[in-house]
Amino acid sequence: MAETLPSVEQVWVWLGDVPDPEIPVVSVTELGIVRDVRWDDDTLVVAVTPTYSGCPATAVIDLAIEARLREQGITRLRIERRLSPPWTTDWITKGAREKLRAYGIAPPVDGTASDGRTAARAARMTGRTNLVIACPRCGSSHTERISQFGSTPCKASYRCTDCLEPFDYFKCH
Amino acid sequence: MPSLPDMTTPDVVALAERAAASQPHDPHLEDVDLRPAFFDWLCRMGDNTLILGHRISEWCGHGPVLEEDIALANTALDLIGHTQMWLGLAAEVEGEGRTADDLAFLRDAMRFRNLQLLELPNRDMAVTLMREFLFDAWHFEMLTALCGSQSPRVAEIAAKALKEVSYHLERSSDLIVRLGDGSEESHRRMQDALDRLWPYLGEMFVEDAVDKAVAEAGIAPRPADLRGAWEQTVNEVLEEATLASPDTRMDVHQGGKQGRHTEHLGYILAEMQFLQRAYPGASW
Ligand SMILES: [Zn+2]
């Protein structure tokens, strides 16, 4: 019996409906964490990369992907963890960045990931970096960092000095 | 653990084999002569991040301010994530059917390979942050070197971990400067912390037969080769923090890498391993 397997393109479309568990306005494909979809004989293989090594959402994401695909009748499925190349926020799609902003999270400013350099400390400590994070609420560029860490590993805490609202910034990584 | 288990497949072993087959090919994993040293070295990497991650996690819910509490919990989470990767690869290299969880929860203290520095109690925020900084500066150089490892499996873990350790180092060095060059009390506490930890630092740069074997196989750098860059970072930050490096020896307390530990490790394991020891195989 030859059962027709859904195309890889079709699977990508289905995965486009799987929301990130912590930021449900963006999907796992928009975040760039689905790295590969392929058929290994009659087993569907989906390669997923973690955002952060210890991110507790990773297992939830795998479950959500599995549930979505089983719903479409996929019975033989393997979810692979892929580490290399490591995930970067550069892979977040343009559309998803606008969705993040509308949701109240300032999207990452590319090219500003930590590089471990101690030399830039003076600028970091006085808050005088070139990094301008616009307030997702009012658009003001008068914002300041409260903490390098926020509600999840991928976010930092900021506040707007114009509308006075605190907000999350999706760190460049 | 090479892959997450397919929850509907009973044949987990076959599944793990297929998943392993899709990993980048690494001839070091098949080198039987290298196996004991490679396994031991991977346990050192994973135990360092496990024990430090556990120590830092002790602050969760007790941080001096909410932002610090969250930052410490996030740092601990990163380190536990690194542990899963290192001990997962260690278990795969060992090839005895153990998992990362088995290695973390079912080994006794003498089988742990972490630096003694990392098992010392937190005491106060000064010791906690100073220890993290001194380790971060080493961790950053180690992972940077490992990105060029001839073992592709080691290199990919290092590349992933380095991104996180880069902001650990930024954060801890900023705080060393802020507190060292802060109030009279914060300065005193930071200097005390540095003096207290100093005799444990030499262990990071001491080479034994395990280090030699993995270095010769092109897997890892020689420990002594990391010292120059580490000293440069540490001296620069301490100077800015108005703290003085002690002129005493750094290599007084060592042996953690070979399984000789302080009395403190046993207490950590008693807490960390309790559940798996009392209820073997418990899961959620
Ligand atoms: Zn605003």
# chains A, B, ... in the order shown; residues from 1 in each chain; ligands from 1

call {"tool": "interface_residues", "arguments": {"of": "chain A", "to": "chain B", "cutoff": "10 Å", "atoms": "only C-alpha atoms", "output": "ChimeraX atom specification"}}
result
/A:45,47,50-56,59,62-63,66,75-88,113-122,124-125,146-154,156-157,173

call {"tool": "residues_around", "arguments": {"residues": "Tyr169 (chain A)", "least_positions_apart": "6", "cutoff": "7 Å", "atoms": "only C-alpha atoms", "output": "PyMOL selection string"}}
result
chain A and resi 105-108+155-158

call {"tool": "closest_residue", "arguments": {"among": "A:Gly111, A:Gly104, A:Pro24, A:Gly73", "to": "ligand 1", "atoms": "only C-alpha atoms and all ligand atoms"}}
result
A:Gly104

call {"tool": "residues_near_ligand", "arguments": {"ligand": "ligand 1", "cutoff": "9 Å", "atoms": "only C-alpha atoms and all ligand atoms", "output": "PyMOL selection string"}}
result
chain A and resi 134-143+159-167

call {"tool": "select_by_dssp", "arguments": {"residues": "region 12-157 of chain A", "states": "strand (DSSP E or B)", "output": "PyMOL selection string"}}
result
chain A and resi 19+27+34-40+43-48+77-81+105-106+143-147+155-157

call {"tool": "write_last_selection", "arguments": {"atoms": "N, CA and C atoms", "output": "tab-separated table (two decimals), in the first residue's frame"}}
result
chain	number	residue	atom	x	y	z
A	19	PRO	N	2.66	28.22	17.67
A	19	PRO	CA	3.14	29.43	18.35
A	19	PRO	C	4.28	29.12	19.32
A	27	SER	N	5.43	32.52	15.54
A	27	SER	CA	5.47	31.06	15.39
A	27	SER	C	6.91	30.56	15.47
A	34	VAL	N	13.13	26.30	13.66
A	34	VAL	CA	12.99	25.06	12.87
A	34	VAL	C	14.05	25.13	11.78
A	35	ARG	N	15.01	24.24	11.84
A	35	ARG	CA	16.17	24.31	10.94
A	35	ARG	C	16.05	23.42	9.72
A	36	ASP	N	15.24	22.36	9.82
A	36	ASP	CA	15.17	21.43	8.69
A	36	ASP	C	13.91	20.58	8.83
A	37	VAL	N	13.33	20.27	7.68
A	37	VAL	CA	12.21	19.33	7.64
A	37	VAL	C	12.53	18.37	6.50
A	38	ARG	N	12.53	17.08	6.79
A	38	ARG	CA	12.83	16.12	5.73
A	38	ARG	C	12.19	14.78	6.03
A	39	TRP	N	12.08	13.96	4.97
A	39	TRP	CA	11.58	12.60	5.15
A	39	TRP	C	12.75	11.65	5.19
A	40	ASP	N	12.76	10.78	6.21
A	40	ASP	CA	13.76	9.73	6.32
A	40	ASP	C	12.95	8.44	6.13
A	43	THR	N	9.53	8.28	7.84
A	43	THR	CA	9.53	9.03	9.11
A	43	THR	C	9.83	10.50	8.82
A	44	LEU	N	8.98	11.35	9.35
A	44	LEU	CA	9.21	12.78	9.17
A	44	LEU	C	10.20	13.25	10.24
A	45	VAL	N	11.25	13.94	9.79
A	45	VAL	CA	12.26	14.44	10.72
A	45	VAL	C	12.20	15.96	10.74
A	46	VAL	N	12.04	16.52	11.93
A	46	VAL	CA	12.03	17.97	12.09
A	46	VAL	C	13.20	18.33	12.99
A	47	ALA	N	14.13	19.14	12.47
A	47	ALA	CA	15.29	19.54	13.27
A	47	ALA	C	15.01	20.90	13.90
A	48	VAL	N	15.14	20.95	15.22
A	48	VAL	CA	14.85	22.18	15.97
A	48	VAL	C	16.10	22.58	16.74
A	77	LEU	N	7.22	10.20	13.40
A	77	LEU	CA	7.83	11.52	13.53
A	77	LEU	C	9.03	11.47	14.46
A	78	ARG	N	10.08	12.18	14.07
A	78	ARG	CA	11.24	12.29	14.98
A	78	ARG	C	11.64	13.76	15.05
A	79	ILE	N	11.79	14.25	16.27
A	79	ILE	CA	12.25	15.63	16.43
A	79	ILE	C	13.69	15.59	16.87
A	80	GLU	N	14.54	16.23	16.06
A	80	GLU	CA	15.98	16.21	16.32
A	80	GLU	C	16.42	17.53	16.91
A	81	ARG	N	17.39	17.46	17.81
A	81	ARG	CA	17.96	18.70	18.32
A	81	ARG	C	19.18	19.04	17.48
A	105	ILE	N	6.91	43.98	23.01
A	105	ILE	CA	8.31	43.57	23.20
A	105	ILE	C	9.15	44.25	22.12
A	106	ALA	N	10.17	45.02	22.53
A	106	ALA	CA	11.04	45.65	21.54
A	106	ALA	C	11.87	44.57	20.86
A	143	THR	N	14.93	55.63	26.40
A	143	THR	CA	14.68	54.45	27.22
A	143	THR	C	15.95	54.09	27.96
A	144	GLU	N	15.82	53.34	29.05
A	144	GLU	CA	17.02	52.91	29.78
A	144	GLU	C	16.88	51.46	30.23
A	145	ARG	N	18.05	50.81	30.33
A	145	ARG	CA	18.04	49.41	30.72
A	145	ARG	C	17.91	49.28	32.23
A	146	ILE	N	17.01	48.42	32.66
A	146	ILE	CA	16.88	48.15	34.09
A	146	ILE	C	17.75	46.94	34.44
A	147	SER	N	17.71	45.93	33.59
A	147	SER	CA	18.50	44.72	33.84
A	147	SER	C	18.75	44.00	32.53
A	155	LYS	N	15.12	37.77	27.10
A	155	LYS	CA	14.74	39.19	27.20
A	155	LYS	C	15.51	39.96	28.26
A	156	ALA	N	15.64	41.26	28.02
A	156	ALA	CA	16.20	42.18	29.02
A	156	ALA	C	15.07	43.13	29.43
A	157	SER	N	15.22	43.76	30.61
A	157	SER	CA	14.18	44.68	31.08
A	157	SER	C	14.59	46.13	30.81
